[in-house]
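Enquirer: Coordinates in structure19.cif, mmCIF, C-alpha atoms, are listed below.
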data_protein
loop_
_atom_site.label_atom_id
_atom_site.label_comp_id
_atom_site.auth_asym_id
_atom_site.auth_seq_id
_atom_site.Cartn_x
_atom_site.Cartn_y
_atom_site.Cartn_z
CA MET X 1 -1.72 47.17 80.68
CA ALA X 2 -0.54 45.27 77.61
CA LEU X 3 -0.42 47.13 74.31
CA GLY X 4 -1.99 45.49 71.27
CA GLN X 5 0.10 44.31 68.34
CA ALA X 6 -0.75 43.26 64.80
CA SER X 7 0.63 39.72 65.11
CA THR X 8 -2.02 38.80 67.69
CA THR X 9 -5.01 39.90 65.61
CA GLN X 10 -7.43 37.70 63.73
CA LEU X 11 -9.71 38.50 60.80
CA ARG X 12 -12.77 36.34 60.18
CA PHE X 13 -15.74 36.68 57.88
CA LYS X 14 -18.96 35.07 56.72
CA LYS X 15 -21.36 35.70 53.86
CA GLU X 16 -24.56 37.44 54.94
CA THR X 17 -28.07 36.24 54.25
CA THR X 18 -29.47 39.78 54.53
CA PHE X 19 -27.46 42.89 53.69
CA GLY X 20 -26.26 44.64 56.82
CA THR X 21 -27.45 41.95 59.24
CA ALA X 22 -24.65 40.14 61.07
CA ALA X 23 -24.10 36.70 59.56
CA ALA X 24 -25.00 33.86 61.93
CA GLY X 25 -23.07 30.65 62.38
CA THR X 26 -19.40 29.77 62.16
CA TYR X 27 -17.09 32.37 60.65
CA GLN X 28 -14.00 31.59 58.57
CA LEU X 29 -10.59 32.81 59.72
CA LEU X 30 -8.76 34.55 56.90
CA ARG X 31 -5.05 34.76 56.14
CA TYR X 32 -4.08 38.35 55.37
CA ASN X 33 -1.18 40.79 55.20
CA SER X 34 -3.02 43.95 56.20
CA CYS X 35 -6.55 45.21 56.76
CA ASP X 36 -7.54 48.86 57.14
CA PHE X 37 -11.31 48.64 57.59
CA ARG X 38 -12.82 51.74 59.16
CA HIS X 39 -16.13 53.32 60.17
CA THR X 40 -16.58 56.63 58.33
CA ASN X 41 -19.03 59.37 59.28
CA GLU X 42 -20.14 61.62 56.46
CA THR X 43 -20.45 65.15 57.81
CA VAL X 44 -21.34 68.64 56.63
CA VAL X 45 -20.93 72.05 58.24
CA SER X 46 -23.84 74.38 58.75
CA ASP X 47 -24.08 77.27 56.29
CA GLN X 48 -25.70 79.57 58.85
CA ILE X 49 -24.04 82.96 59.21
CA ASN X 50 -21.61 83.05 62.12
CA SER X 51 -19.94 86.33 63.07
CA THR X 52 -17.47 84.70 65.49
CA ARG X 53 -15.40 83.02 62.74
CA GLU X 54 -15.43 79.85 64.79
CA PRO X 55 -16.07 76.63 62.85
CA GLY X 56 -19.62 75.40 62.64
CA ASP X 57 -20.79 72.06 63.96
CA ALA X 58 -19.82 68.93 62.03
CA ILE X 59 -23.28 67.49 61.37
CA ARG X 60 -23.39 63.76 60.70
CA ILE X 61 -25.62 63.04 57.72
CA ASN X 62 -24.71 59.41 57.11
CA ALA X 63 -22.14 56.70 57.82
CA ARG X 64 -20.57 53.71 56.14
CA ALA X 65 -17.87 51.10 56.50
CA GLU X 66 -15.00 50.97 54.04
CA GLY X 67 -11.48 49.68 53.67
CA SER X 68 -9.31 47.05 52.04
CA ILE X 69 -7.59 43.71 52.57
CA ALA X 70 -4.16 42.92 51.11
CA THR X 71 -2.92 39.34 50.98
CA GLU X 72 -1.00 36.67 49.03
CA PHE X 73 -2.79 34.15 46.84
CA SER X 74 -3.11 30.48 47.73
CA HIS X 75 -5.60 27.97 46.36
CA ASP X 76 -8.93 27.40 48.19
CA THR X 77 -8.26 30.25 50.64
CA TYR X 78 -9.88 33.15 48.81
CA ASP X 79 -12.52 31.45 46.63
CA THR X 80 -15.42 32.82 48.68
CA LEU X 81 -14.13 36.40 48.61
CA MET X 82 -13.30 36.20 44.89
CA ALA X 83 -16.88 35.01 44.32
CA GLY X 84 -17.95 38.02 46.38
CA ALA X 85 -15.88 40.26 44.10
CA PHE X 86 -17.62 38.81 41.04
CA HIS X 87 -20.98 38.77 42.90
CA GLN X 88 -21.58 35.27 41.65
CA ASP X 89 -20.75 31.87 43.15
CA PHE X 90 -18.46 29.41 41.41
CA SER X 91 -20.42 26.98 39.28
CA ALA X 92 -20.73 23.38 40.43
CA GLU X 93 -17.76 21.10 39.76
CA LEU X 94 -18.28 19.28 36.44
CA GLY X 95 -16.88 15.95 37.66
CA ILE X 96 -17.69 14.27 34.34
CA THR X 97 -16.78 10.73 33.37
CA ALA X 98 -17.37 10.42 29.65
CA SER X 99 -16.91 6.85 28.49
CA THR X 100 -16.99 7.28 24.72
CA VAL X 101 -15.29 10.48 23.56
CA THR X 102 -13.68 10.72 20.12
CA LEU X 103 -11.39 13.50 18.83
CA THR X 104 -11.44 14.42 15.16
CA GLY X 105 -9.99 17.29 13.15
CA SER X 106 -6.54 18.84 12.75
CA GLY X 107 -4.22 21.33 14.43
CA VAL X 108 -4.67 22.38 18.05
CA SER X 109 -8.48 22.42 17.68
CA ARG X 110 -10.48 19.18 17.73
CA THR X 111 -14.13 18.23 17.56
CA TRP X 112 -15.13 16.27 20.67
CA THR X 113 -17.97 13.81 20.18
CA ASN X 114 -19.64 11.88 23.00
CA THR X 115 -20.82 8.95 20.91
CA ALA X 116 -22.87 7.08 23.53
CA GLY X 117 -24.24 9.64 25.97
CA THR X 118 -24.93 13.28 26.72
CA ASP X 119 -22.17 13.84 29.26
CA PHE X 120 -21.31 17.36 28.05
CA GLY X 121 -24.71 18.62 29.22
CA ALA X 122 -27.61 20.20 27.38
CA ILE X 123 -27.16 23.65 25.87
CA GLY X 124 -27.01 26.12 28.77
CA PHE X 125 -25.92 23.46 31.24
CA GLY X 126 -22.77 21.51 32.08
CA ILE X 127 -19.86 22.50 29.85
CA MET X 128 -20.43 25.83 28.09
CA ALA X 129 -18.79 27.77 25.29
CA GLY X 130 -16.06 29.91 26.81
CA ASP X 131 -15.15 27.37 29.48
CA VAL X 132 -11.71 25.98 30.19
CA ILE X 133 -11.81 22.28 31.08
CA ARG X 134 -9.19 19.84 32.30
CA CYS X 135 -9.15 16.21 31.23
CA ARG X 136 -7.22 13.01 31.70
CA GLY X 137 -7.59 9.46 30.47
CA PHE X 138 -6.88 9.83 26.76
CA THR X 139 -4.66 7.08 25.42
CA ASN X 140 -2.36 9.65 23.86
CA ALA X 141 -0.97 11.65 26.79
CA ALA X 142 -0.64 14.78 24.62
CA ASN X 143 -4.45 14.93 24.45
CA ASN X 144 -4.74 15.37 28.21
CA GLY X 145 -4.47 18.76 29.88
CA LEU X 146 -6.33 22.04 29.38
CA TRP X 147 -8.81 22.80 26.60
CA TYR X 148 -10.77 25.93 25.72
CA VAL X 149 -14.34 25.24 24.61
CA SER X 150 -14.93 27.37 21.51
CA THR X 151 -18.44 26.16 20.74
CA LYS X 152 -20.87 23.52 21.97
CA THR X 153 -23.53 22.59 19.46
CA SER X 154 -25.29 19.89 21.52
CA ALA X 155 -24.94 17.70 24.58
CA THR X 156 -22.68 15.43 22.54
CA VAL X 157 -20.58 17.67 20.25
CA MET X 158 -18.22 20.55 20.98
CA LEU X 159 -15.22 22.20 19.34
CA CYS X 160 -12.25 22.68 21.69
CA THR X 161 -8.79 24.25 21.38
CA GLN X 162 -5.97 22.77 23.42
CA ILE X 163 -4.18 25.39 25.52
CA GLN X 164 -1.84 23.09 27.44
CA THR X 165 -0.73 19.65 26.28
CA GLY X 166 -0.38 16.99 28.93
CA ASP X 167 -1.35 17.66 32.53
CA GLN X 168 1.77 19.61 33.46
CA ALA X 169 2.35 20.36 37.14
CA THR X 170 5.03 23.08 37.34
CA VAL X 171 6.70 23.02 33.92
CA GLN X 172 6.34 26.33 32.13
CA ASP X 173 5.60 26.54 28.43
CA ALA X 174 8.44 27.79 26.26
CA VAL X 175 8.13 30.50 23.61
CA PRO X 176 6.38 30.27 21.23
CA ALA X 177 3.60 28.39 23.00
CA PRO X 178 2.38 25.77 23.44
CA ALA X 179 5.67 23.90 23.67
CA SER X 180 4.42 20.37 23.11
CA THR X 181 3.07 18.39 20.21
CA SER X 182 -0.43 19.03 18.90
CA PRO X 183 -3.25 16.71 19.97
CA VAL X 184 -4.03 13.70 17.80
CA ASN X 185 -7.31 12.15 16.75
CA GLU X 186 -8.49 9.46 19.13
CA GLY X 187 -11.44 7.51 20.40
CA PRO X 188 -13.72 6.21 21.59
CA THR X 189 -11.98 6.68 24.96
CA SER X 190 -13.13 6.92 28.56
CA ILE X 191 -11.95 10.22 30.07
CA LYS X 192 -12.55 12.33 33.14
CA ILE X 193 -13.26 16.08 32.96
CA SER X 194 -13.03 18.66 35.73
CA GLY X 195 -13.78 22.35 35.89
CA LYS X 196 -15.85 25.07 37.47
CA ARG X 197 -16.12 28.71 36.51
CA LEU X 198 -16.50 32.09 38.15
CA VAL X 199 -18.00 34.84 36.00
CA LEU X 200 -19.60 38.20 36.72
CA GLY X 201 -23.05 37.86 38.28
CA PRO X 202 -26.05 40.14 38.84
CA THR X 203 -26.77 39.52 42.53
CA LEU X 204 -25.15 41.54 45.30
CA GLN X 205 -23.13 39.54 47.83
CA SER X 206 -22.36 41.01 51.25
CA PHE X 207 -20.22 39.84 54.18
CA SER X 208 -19.82 40.38 57.90
CA PHE X 209 -16.21 40.87 59.01
CA GLU X 210 -14.83 40.77 62.52
CA LYS X 211 -11.33 41.67 63.68
CA ALA X 212 -10.20 40.30 67.03
CA LEU X 213 -7.77 43.06 67.97
CA ASP X 214 -5.94 41.12 70.66
CA LEU X 215 -6.32 37.43 71.45
CA ASP X 216 -5.96 38.19 75.18
CA ALA X 217 -8.38 41.11 75.30
CA ASP X 218 -12.09 41.47 74.61
CA LEU X 219 -11.88 43.96 71.75
CA TYR X 220 -13.59 43.23 68.44
CA GLU X 221 -14.01 45.53 65.47
CA GLN X 222 -17.11 44.52 63.51
CA PHE X 223 -18.18 45.57 60.04
CA LEU X 224 -21.54 44.71 58.50
CA GLY X 225 -22.89 44.79 54.96
CA CYS X 226 -19.41 44.67 53.42
CA CYS X 227 -19.45 44.27 49.63
CA VAL X 228 -16.35 43.90 47.48
CA SER X 229 -16.19 47.00 45.33
CA ARG X 230 -12.86 46.21 43.67
CA TRP X 231 -10.68 43.10 43.33
CA ASN X 232 -7.06 43.21 42.19
CA MET X 233 -4.54 40.52 41.26
CA ASN X 234 -0.88 41.31 40.71
CA VAL X 235 1.39 38.69 39.10
CA ALA X 236 4.85 40.23 38.71
CA ILE X 237 8.32 38.73 38.75
CA PRO X 238 10.08 38.38 41.11
CA GLY X 239 7.62 37.98 43.94
CA LYS X 240 4.50 36.48 45.36
CA ILE X 241 1.10 36.59 43.64
CA GLU X 242 -0.80 39.36 45.41
CA LEU X 243 -4.52 39.93 45.91
CA GLY X 244 -6.39 43.01 47.08
CA PHE X 245 -10.03 43.44 48.08
CA ASP X 246 -11.58 46.90 48.50
CA VAL X 247 -14.92 46.92 50.34
CA ILE X 248 -17.80 49.31 51.03
CA GLY X 249 -20.24 48.45 53.81
CA LYS X 250 -23.04 49.59 56.06
CA GLN X 251 -21.30 50.38 59.34
CA GLY X 252 -18.52 49.53 61.76
CA SER X 253 -18.35 49.24 65.53
CA LEU X 254 -15.98 48.34 68.36
CA VAL X 255 -17.47 45.86 70.82
CA ARG X 256 -16.52 43.65 73.74
CA THR X 257 -18.46 40.56 72.65
CA PRO X 258 -17.70 38.67 69.43
CA ALA X 259 -20.47 38.15 66.90
CA ILE X 260 -19.64 34.51 66.45
CA GLY X 261 -21.19 31.98 68.80
CA ALA X 262 -18.66 29.22 68.13
CA SER X 263 -14.97 28.97 67.40
CA PRO X 264 -14.21 30.09 63.85
CA THR X 265 -13.06 27.68 61.18
CA ALA X 266 -9.27 27.48 61.15
CA VAL X 267 -7.26 29.21 58.46
CA THR X 268 -6.27 27.22 55.41
CA THR X 269 -2.74 25.86 55.15
CA THR X 270 -2.33 25.83 51.37
CA GLY X 271 0.96 27.20 50.07
CA ILE X 272 1.45 30.77 48.87
CA LEU X 273 1.80 31.03 45.09
CA GLU X 274 4.79 32.86 43.63
CA THR X 275 5.79 33.89 40.15
CA VAL X 276 8.48 31.33 39.31
CA ASP X 277 7.10 27.89 40.14
CA HIS X 278 3.39 28.69 40.05
CA VAL X 279 2.87 30.62 36.80
CA GLN X 280 2.63 28.19 33.91
CA PHE X 281 1.90 30.71 31.19
CA VAL X 282 0.40 34.09 30.30
CA ARG X 283 -0.64 34.32 26.65
CA ASP X 284 -2.38 36.50 24.15
CA TRP X 285 -4.46 34.13 22.04
CA THR X 286 -5.68 36.38 19.24
CA THR X 287 -4.16 34.89 16.11
CA SER X 288 -2.90 31.38 16.66
CA ALA X 289 -2.48 29.06 19.60
CA SER X 290 0.67 27.58 18.09
CA GLY X 291 2.27 30.82 16.88
CA ASN X 292 1.80 32.91 20.02
CA TYR X 293 4.94 34.73 21.17
CA ILE X 294 5.25 36.49 24.52
CA ARG X 295 7.78 36.67 27.36
CA PRO X 296 5.75 38.20 30.18
CA LEU X 297 7.18 40.00 33.18
CA ALA X 298 3.91 41.06 34.80
CA PHE X 299 0.17 40.59 34.48
CA THR X 300 -2.34 42.53 36.54
CA LEU X 301 -6.12 42.39 36.61
CA SER X 302 -8.69 44.62 38.29
CA VAL X 303 -12.46 44.15 38.56
CA ASP X 304 -14.23 47.36 39.62
CA ASN X 305 -17.92 46.81 40.41
CA ALA X 306 -18.82 50.54 40.51
CA LEU X 307 -20.69 49.96 43.77
CA ALA X 308 -22.71 52.86 45.18
CA PRO X 309 -24.34 53.03 48.63
CA GLN X 310 -28.13 53.41 48.60
CA PRO X 311 -29.38 55.55 51.51
CA GLN X 312 -32.92 55.96 52.82
CA LEU X 313 -34.59 58.57 55.00
CA GLY X 314 -34.51 57.64 58.66
CA TYR X 315 -31.68 55.08 58.34
CA LEU X 316 -28.04 55.42 59.32
CA GLY X 317 -25.82 53.80 56.72
CA PRO X 318 -26.90 52.42 53.35
CA ILE X 319 -29.84 50.02 53.17
CA ALA X 320 -28.29 48.33 50.11
CA MET X 321 -25.63 48.75 47.43
CA ARG X 322 -26.22 49.45 43.77
CA LEU X 323 -24.29 46.88 41.73
CA ASP X 324 -23.46 48.64 38.49
CA ARG X 325 -21.69 47.75 35.26
CA ALA X 326 -18.23 46.35 35.98
CA ASN X 327 -15.05 47.88 34.63
CA ILE X 328 -12.37 45.23 34.02
CA THR X 329 -8.87 46.47 33.30
CA GLY X 330 -5.32 45.22 33.52
CA THR X 331 -1.75 45.46 32.34
CA LEU X 332 0.84 43.32 30.60
CA ARG X 333 4.60 43.91 30.68
CA MET X 334 7.06 42.03 28.47
CA TYR X 335 10.56 42.31 27.07
CA VAL X 336 11.14 44.16 23.81
CA GLU X 337 12.85 41.78 21.40
CA ASP X 338 13.17 41.11 17.69
CA ASP X 339 10.27 38.69 17.47
CA GLY X 340 9.91 38.79 13.69
CA SER X 341 6.41 40.29 14.01
CA GLN X 342 5.21 37.09 15.63
CA PRO X 343 1.50 36.97 16.55
CA GLY X 344 1.11 38.16 20.12
CA GLY X 345 4.51 39.84 20.06
CA VAL X 346 5.37 43.49 20.65
CA PHE X 347 4.93 44.62 17.03
CA ASP X 348 1.59 42.83 16.70
CA LEU X 349 0.26 44.15 20.00
CA TYR X 350 1.41 47.72 19.36
CA ALA X 351 -0.30 47.65 15.94
CA SER X 352 -3.56 46.60 17.62
CA ALA X 353 -3.21 49.49 20.06
CA VAL X 354 -2.74 52.01 17.24
CA ALA X 355 -5.67 50.57 15.27
CA SER X 356 -7.79 50.27 18.46
CA THR X 357 -8.99 46.81 17.47
CA ASN X 358 -10.25 44.08 19.78
CA ARG X 359 -8.08 41.06 20.48
CA ASN X 360 -9.32 37.63 21.46
CA ARG X 361 -8.33 36.34 24.87
CA ILE X 362 -5.58 36.70 27.37
CA ILE X 363 -5.16 33.40 29.21
CA ALA X 364 -3.11 33.08 32.42
CA CYS X 365 -2.59 29.72 34.13
CA LEU X 366 -1.59 29.52 37.80
CA THR X 367 -0.82 26.24 39.54
CA ASP X 368 -0.11 25.23 43.13
CA GLY X 369 2.51 22.84 41.75
CA ILE X 370 1.69 20.02 44.17
CA ALA X 371 3.22 16.79 42.84
CA SER X 372 1.42 15.48 39.74
CA THR X 373 -2.09 16.52 40.81
CA PRO X 374 -2.02 20.31 41.16
CA THR X 375 -5.01 22.61 41.44
CA LYS X 376 -4.99 25.20 38.67
CA TYR X 377 -6.64 28.58 38.31
CA VAL X 378 -6.99 29.70 34.69
CA ILE X 379 -7.94 33.34 34.15
CA VAL X 380 -9.49 34.15 30.78
CA ILE X 381 -10.04 37.65 29.41
CA GLN X 382 -12.39 36.67 26.60
CA LYS X 383 -11.90 39.77 24.47
CA TYR X 384 -9.92 42.93 25.12
CA ARG X 385 -8.83 46.25 23.68
CA ILE X 386 -5.46 47.90 24.33
CA THR X 387 -6.01 51.37 25.77
CA ASN X 388 -2.37 52.39 26.20
CA ALA X 389 0.89 51.08 24.69
CA ARG X 390 4.35 52.33 25.56
CA ILE X 391 8.07 51.43 25.57
CA PRO X 392 9.67 53.69 28.18
CA VAL X 393 13.44 54.24 28.13
CA GLN X 394 14.55 54.46 31.75
CA GLY X 395 18.26 55.16 31.46
CA ASN X 396 21.40 53.06 31.38
CA ALA X 397 21.50 49.53 32.77
CA ASN X 398 17.80 48.96 32.16
CA ASP X 399 15.95 46.56 29.86
CA LEU X 400 13.52 47.85 27.29
CA ILE X 401 10.08 46.80 28.45
CA PHE X 402 6.85 46.96 26.45
CA GLU X 403 3.90 47.89 28.63
CA LEU X 404 0.23 47.86 27.72
CA ASP X 405 -3.01 48.61 29.52
CA PHE X 406 -6.16 46.83 28.45
CA ALA X 407 -9.91 46.92 29.00
CA ALA X 408 -11.90 43.70 28.82
CA GLN X 409 -14.76 43.45 26.35
CA VAL X 410 -17.73 41.08 26.17
CA ASP X 411 -17.34 38.11 23.84
CA PRO X 412 -20.85 37.15 22.65
CA LEU X 413 -19.58 33.67 21.71
CA ALA X 414 -18.45 32.93 25.28
CA ILE X 415 -21.93 32.15 26.60
CA ASN X 416 -20.91 30.79 29.98
CA GLY X 417 -22.58 33.53 32.03
CA PRO X 418 -25.18 33.07 34.80
CA VAL X 419 -27.81 33.01 32.05
CA SER X 420 -26.89 30.71 29.18
CA ALA X 421 -27.41 33.45 26.59
CA ASN X 422 -25.03 35.86 28.37
CA GLY X 423 -21.75 36.69 26.73
CA THR X 424 -18.90 37.10 29.22
CA SER X 425 -15.80 39.27 29.46
CA VAL X 426 -13.75 37.55 32.17
CA ALA X 427 -13.78 34.18 33.91
CA ILE X 428 -11.72 32.36 36.50
CA HIS X 429 -11.70 28.60 36.08
CA LYS X 430 -10.71 26.43 39.04
CA LEU X 431 -9.47 23.08 37.79
CA ILE X 432 -8.80 20.26 40.22
CA TYR X 433 -7.10 17.05 39.13
CA PRO X 434 -9.89 15.01 37.47
CA ALA X 435 -10.80 12.22 39.89
#
Take the structure from the file and write it as structure tokens.
Expert:
Amino acid sequence: MALGQASTTQLRFKKETTFGTAAAGTYQLLRYNSCDFRHTNETVVSDQINSTREPGDAIRINARAEGSIATEFSHDTYDTLMAGAFHQDFSAELGITASTVTLTGSGVSRTWTNTAGTDFGAIGFGIMAGDVIRCRGFTNAANNGLWYVSTKTSATVMLCTQIQTGDQATVQDAVPAPASTSPVNEGPTSIKISGKRLVLGPTLQSFSFEKALDLDADLYEQFLGCCVSRWNMNVAIPGKIELGFDVIGKQGSLVRTPAIGASPTAVTTTGILETVDHVQFVRDWTTSASGNYIRPLAFTLSVDNALAPQPQLGYLGPIAMRLDRANITGTLRMYVEDDGSQPGGVFDLYASAVASTNRNRIIACLTDGIASTPTKYVIVIQKYRITNARIPVQGNANDLIFELDFAAQVDPLAINGPVSANGTSVAIHKLIYPA
């Protein structure tokens, strides 16, 4: 009898149409480091008087599935599960070709005008305030790259702030940031724009998971109605970019027959992102895009959906999950240095913590660094408040590190939510090379 081992397991999943009903069709194999899904029985002990001192019966009153997945981030691989964590699908790819765009204004912000079309989309559609977009095709190369859309007043006019000049692949921005020249006025010019967003949504998403415990044996652990209760990202030097997904579900079981009727879709082969070549910048953007000053060591982000199982008389396991208000928190760690009270530096951030004032935007840009056409994920905390600030002294032969914890807040001006009038607190923008 052969004993099972972790290296011969497989984990596959598929989004469910109905909560708790096994998803039909082809499942997707998932790359992962560890998975500790389990079936949990909720039990109570009878309160009846018992003179023997022996324990009472463990009475099952309900059951659920629960557990977590730990893995390392790579592009394309975890988009579906991240959407499940936000309980909202990524928006459609913009894929815009705008033939007559002009840039006017000064500094790092410019007014974009589509002079012969409505390519930006009507209000509530297409590009929205709060989005990060990626463009190429401007005559002046410094105008290409990443832009934050501050406002959009019509299908033809929007005000954008450049957050990365040129379409850099792996080059990191220096300090202060950005490290390149400001954009210049231009136009009319034909450009291409890419971008799609992931923001918090109101509709519960559930998944069916199946673990093949040994590729040579007929043993399959199945979990139904699995909803992502918490999603974590850890970007800390030196190391790989780590993801974690905590789930709560309806039930688990161990079976001999797989749920899938066909071979699962093969795992992705995209490279694992690490914190040297694949982190372009992490910035606080409160005061000034050009005066920002930060030397980050770590950035973490957690989205807690406050999920709660919803039971019903006569049913084992929850019949649904209550999707409650999300709690979005994170940390930043950076060196303590004499930064001259630069905006976004230690003195500035500590002062905000003491005053308990909101700050506008943390922006982190991750890239797969593939040649000159990388895929980028830009994480935007639209508004945040520092809940804890500290500079621990940890003995000799240690650097002084400033650490802060933050809680994301809703920015009513970032109206790129599922409903056009919704302000948003956090967004992940996936930016392919504009084709």
Enquirer: Translate the PyMOL selection byres ((chain X and resi 139) around 12), as applied to the file shown, into an explicit residue set as a PyMOL selection string.
Expert: chain X and resi 101-103+135-138+140-144+166+183-191
Enquirer: Counting all atoms listed in the file, which residue out of X:Val45, X:Val276, X:Leu332, X:Ile391 sits closest to Asp368 (chain X)?
Expert: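 Of the candidates, the smallest distance to Asp368 (chain X) is held by X:Val276.
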Enquirer: Run the PyMOL selection byres ((chain X and resi 22) around 10) mentally over the shown coordinates, then write out the matched residues as an MDAnalysis selection string, using the chain letters and numbers from the document.
Expert: chainID X and resid 14:21 23:25 207:210 222:225 259:260
Enquirer: The PyMOL selection byres ((chain X and resi 238) around 10) on the file shown: which residues, as a list in words?
Expert: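 Output from the PyMOL selection byres ((chain X and resi 238) around 10), applied to this file: Val235, Ala236, Ile237, Gly239, Lys240, Ile241, Glu274, Thr275, Val276, Leu297 and Ala298 of chain X.
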Enquirer: Please determine, counting all atoms listed in the file, which residue among X:Glu54, X:His75, X:Ile61, X:Lys192 has the shortest atom-to-atom distance to Ala98 (chain X).
Expert: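 Of all the options, X:Lys192 lies closest to Ala98 (chain X).
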Enquirer: Excluding Ala70 (chain X) and its own-chain neighbours fewer than 3 positions away, which residues fall within 8 Å of it when counting all atoms listed in the file? Please give them as a PyMOL selection string.
Expert: chain X and resi 32-35+242-245
Enquirer: Convert the current residue selection to file output with C-alpha atoms, as a short mmCIF file (atom, residue, chain, number, x, y, z; two decimals), in the coordinates of the input.
Expert:
data_model
loop_
_atom_site.label_atom_id
_atom_site.label_comp_id
_atom_site.auth_asym_id
_atom_site.auth_seq_id
_atom_site.Cartn_x
_atom_site.Cartn_y
_atom_site.Cartn_z
CA TYR X 32 -4.08 38.35 55.37
CA ASN X 33 -1.18 40.79 55.20
CA SER X 34 -3.02 43.95 56.20
CA CYS X 35 -6.55 45.21 56.76
CA GLU X 242 -0.80 39.36 45.41
CA LEU X 243 -4.52 39.93 45.91
CA GLY X 244 -6.39 43.01 47.08
CA PHE X 245 -10.03 43.44 48.08
#
Enquirer: For Val149 (chain X), which of X:Arg110, X:Thr118, X:Pro55, X:Asn388 is the closest residue, counting all atoms listed in the file?
Expert: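 When distances to Val149 (chain X) are compared using all atoms listed in the file, the smallest one comes from X:Arg110.
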Enquirer: Figure out the distance between CA of Arg283 (chain X) and CA of Val378 (chain X), please, to one decimal in Å.
Expert: 11.2 Å
Enquirer: Quick one: residues within 12 Å of Thr153 (chain X), all atoms listed in the file counted, chain neighbours fewer than 4 positions away excluded, as a list in words?
Expert: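 Contacts, in chain order: Thr111, Trp112, Thr113, Asn114, Thr118, Phe120, Gly121, Ala122, Ile123, Gly124, Ile127, Met128, Ala129, Val149, Val157, Met158, Leu159, Cys160 and Leu413 of chain X.
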Enquirer: Only N, CA and C atoms needed: put region 322-335 of chain X from the block into a file as a PDB file, in the first residue's frame.
Expert:
ATOM      1  N   ARG X 322     -23.899  35.496   4.416  1.00  0.00           N
ATOM      2  CA  ARG X 322     -24.166  36.930   4.471  1.00  0.00           C
ATOM      3  C   ARG X 322     -22.893  37.674   4.129  1.00  0.00           C
ATOM      4  N   LEU X 323     -22.946  38.491   3.095  1.00  0.00           N
ATOM      5  CA  LEU X 323     -21.805  39.296   2.656  1.00  0.00           C
ATOM      6  C   LEU X 323     -21.942  40.670   3.284  1.00  0.00           C
ATOM      7  N   ASP X 324     -21.100  40.950   4.267  1.00  0.00           N
ATOM      8  CA  ASP X 324     -21.262  42.161   5.063  1.00  0.00           C
ATOM      9  C   ASP X 324     -20.266  43.235   4.627  1.00  0.00           C
ATOM     10  N   ARG X 325     -20.244  44.319   5.359  1.00  0.00           N
ATOM     11  CA  ARG X 325     -19.327  45.420   5.058  1.00  0.00           C
ATOM     12  C   ARG X 325     -17.885  44.946   5.168  1.00  0.00           C
ATOM     13  N   ALA X 326     -17.086  45.257   4.177  1.00  0.00           N
ATOM     14  CA  ALA X 326     -15.690  44.811   4.156  1.00  0.00           C
ATOM     15  C   ALA X 326     -14.836  45.671   5.081  1.00  0.00           C
ATOM     16  N   ASN X 327     -13.804  45.059   5.620  1.00  0.00           N
ATOM     17  CA  ASN X 327     -12.805  45.758   6.418  1.00  0.00           C
ATOM     18  C   ASN X 327     -11.473  45.614   5.694  1.00  0.00           C
ATOM     19  N   ILE X 328     -10.911  46.732   5.232  1.00  0.00           N
ATOM     20  CA  ILE X 328      -9.703  46.706   4.407  1.00  0.00           C
ATOM     21  C   ILE X 328      -8.570  47.362   5.191  1.00  0.00           C
ATOM     22  N   THR X 329      -7.561  46.575   5.495  1.00  0.00           N
ATOM     23  CA  THR X 329      -6.461  47.061   6.315  1.00  0.00           C
ATOM     24  C   THR X 329      -5.130  46.667   5.685  1.00  0.00           C
ATOM     25  N   GLY X 330      -4.069  47.259   6.191  1.00  0.00           N
ATOM     26  CA  GLY X 330      -2.753  46.916   5.666  1.00  0.00           C
ATOM     27  C   GLY X 330      -1.655  47.554   6.486  1.00  0.00           C
ATOM     28  N   THR X 331      -0.430  47.339   6.033  1.00  0.00           N
ATOM     29  CA  THR X 331       0.735  47.897   6.707  1.00  0.00           C
ATOM     30  C   THR X 331       1.722  48.432   5.680  1.00  0.00           C
ATOM     31  N   LEU X 332       2.515  49.387   6.116  1.00  0.00           N
ATOM     32  CA  LEU X 332       3.669  49.878   5.364  1.00  0.00           C
ATOM     33  C   LEU X 332       4.868  49.895   6.302  1.00  0.00           C
ATOM     34  N   ARG X 333       6.024  49.479   5.805  1.00  0.00           N
ATOM     35  CA  ARG X 333       7.274  49.552   6.559  1.00  0.00           C
ATOM     36  C   ARG X 333       8.304  50.255   5.694  1.00  0.00           C
ATOM     37  N   MET X 334       9.047  51.180   6.288  1.00  0.00           N
ATOM     38  CA  MET X 334      10.044  51.940   5.531  1.00  0.00           C
ATOM     39  C   MET X 334      11.179  52.348   6.463  1.00  0.00           C
ATOM     40  N   TYR X 335      12.315  52.689   5.856  1.00  0.00           N
ATOM     41  CA  TYR X 335      13.454  53.141   6.643  1.00  0.00           C
ATOM     42  C   TYR X 335      13.161  54.493   7.287  1.00  0.00           C
TER      43      TYR X 335
END
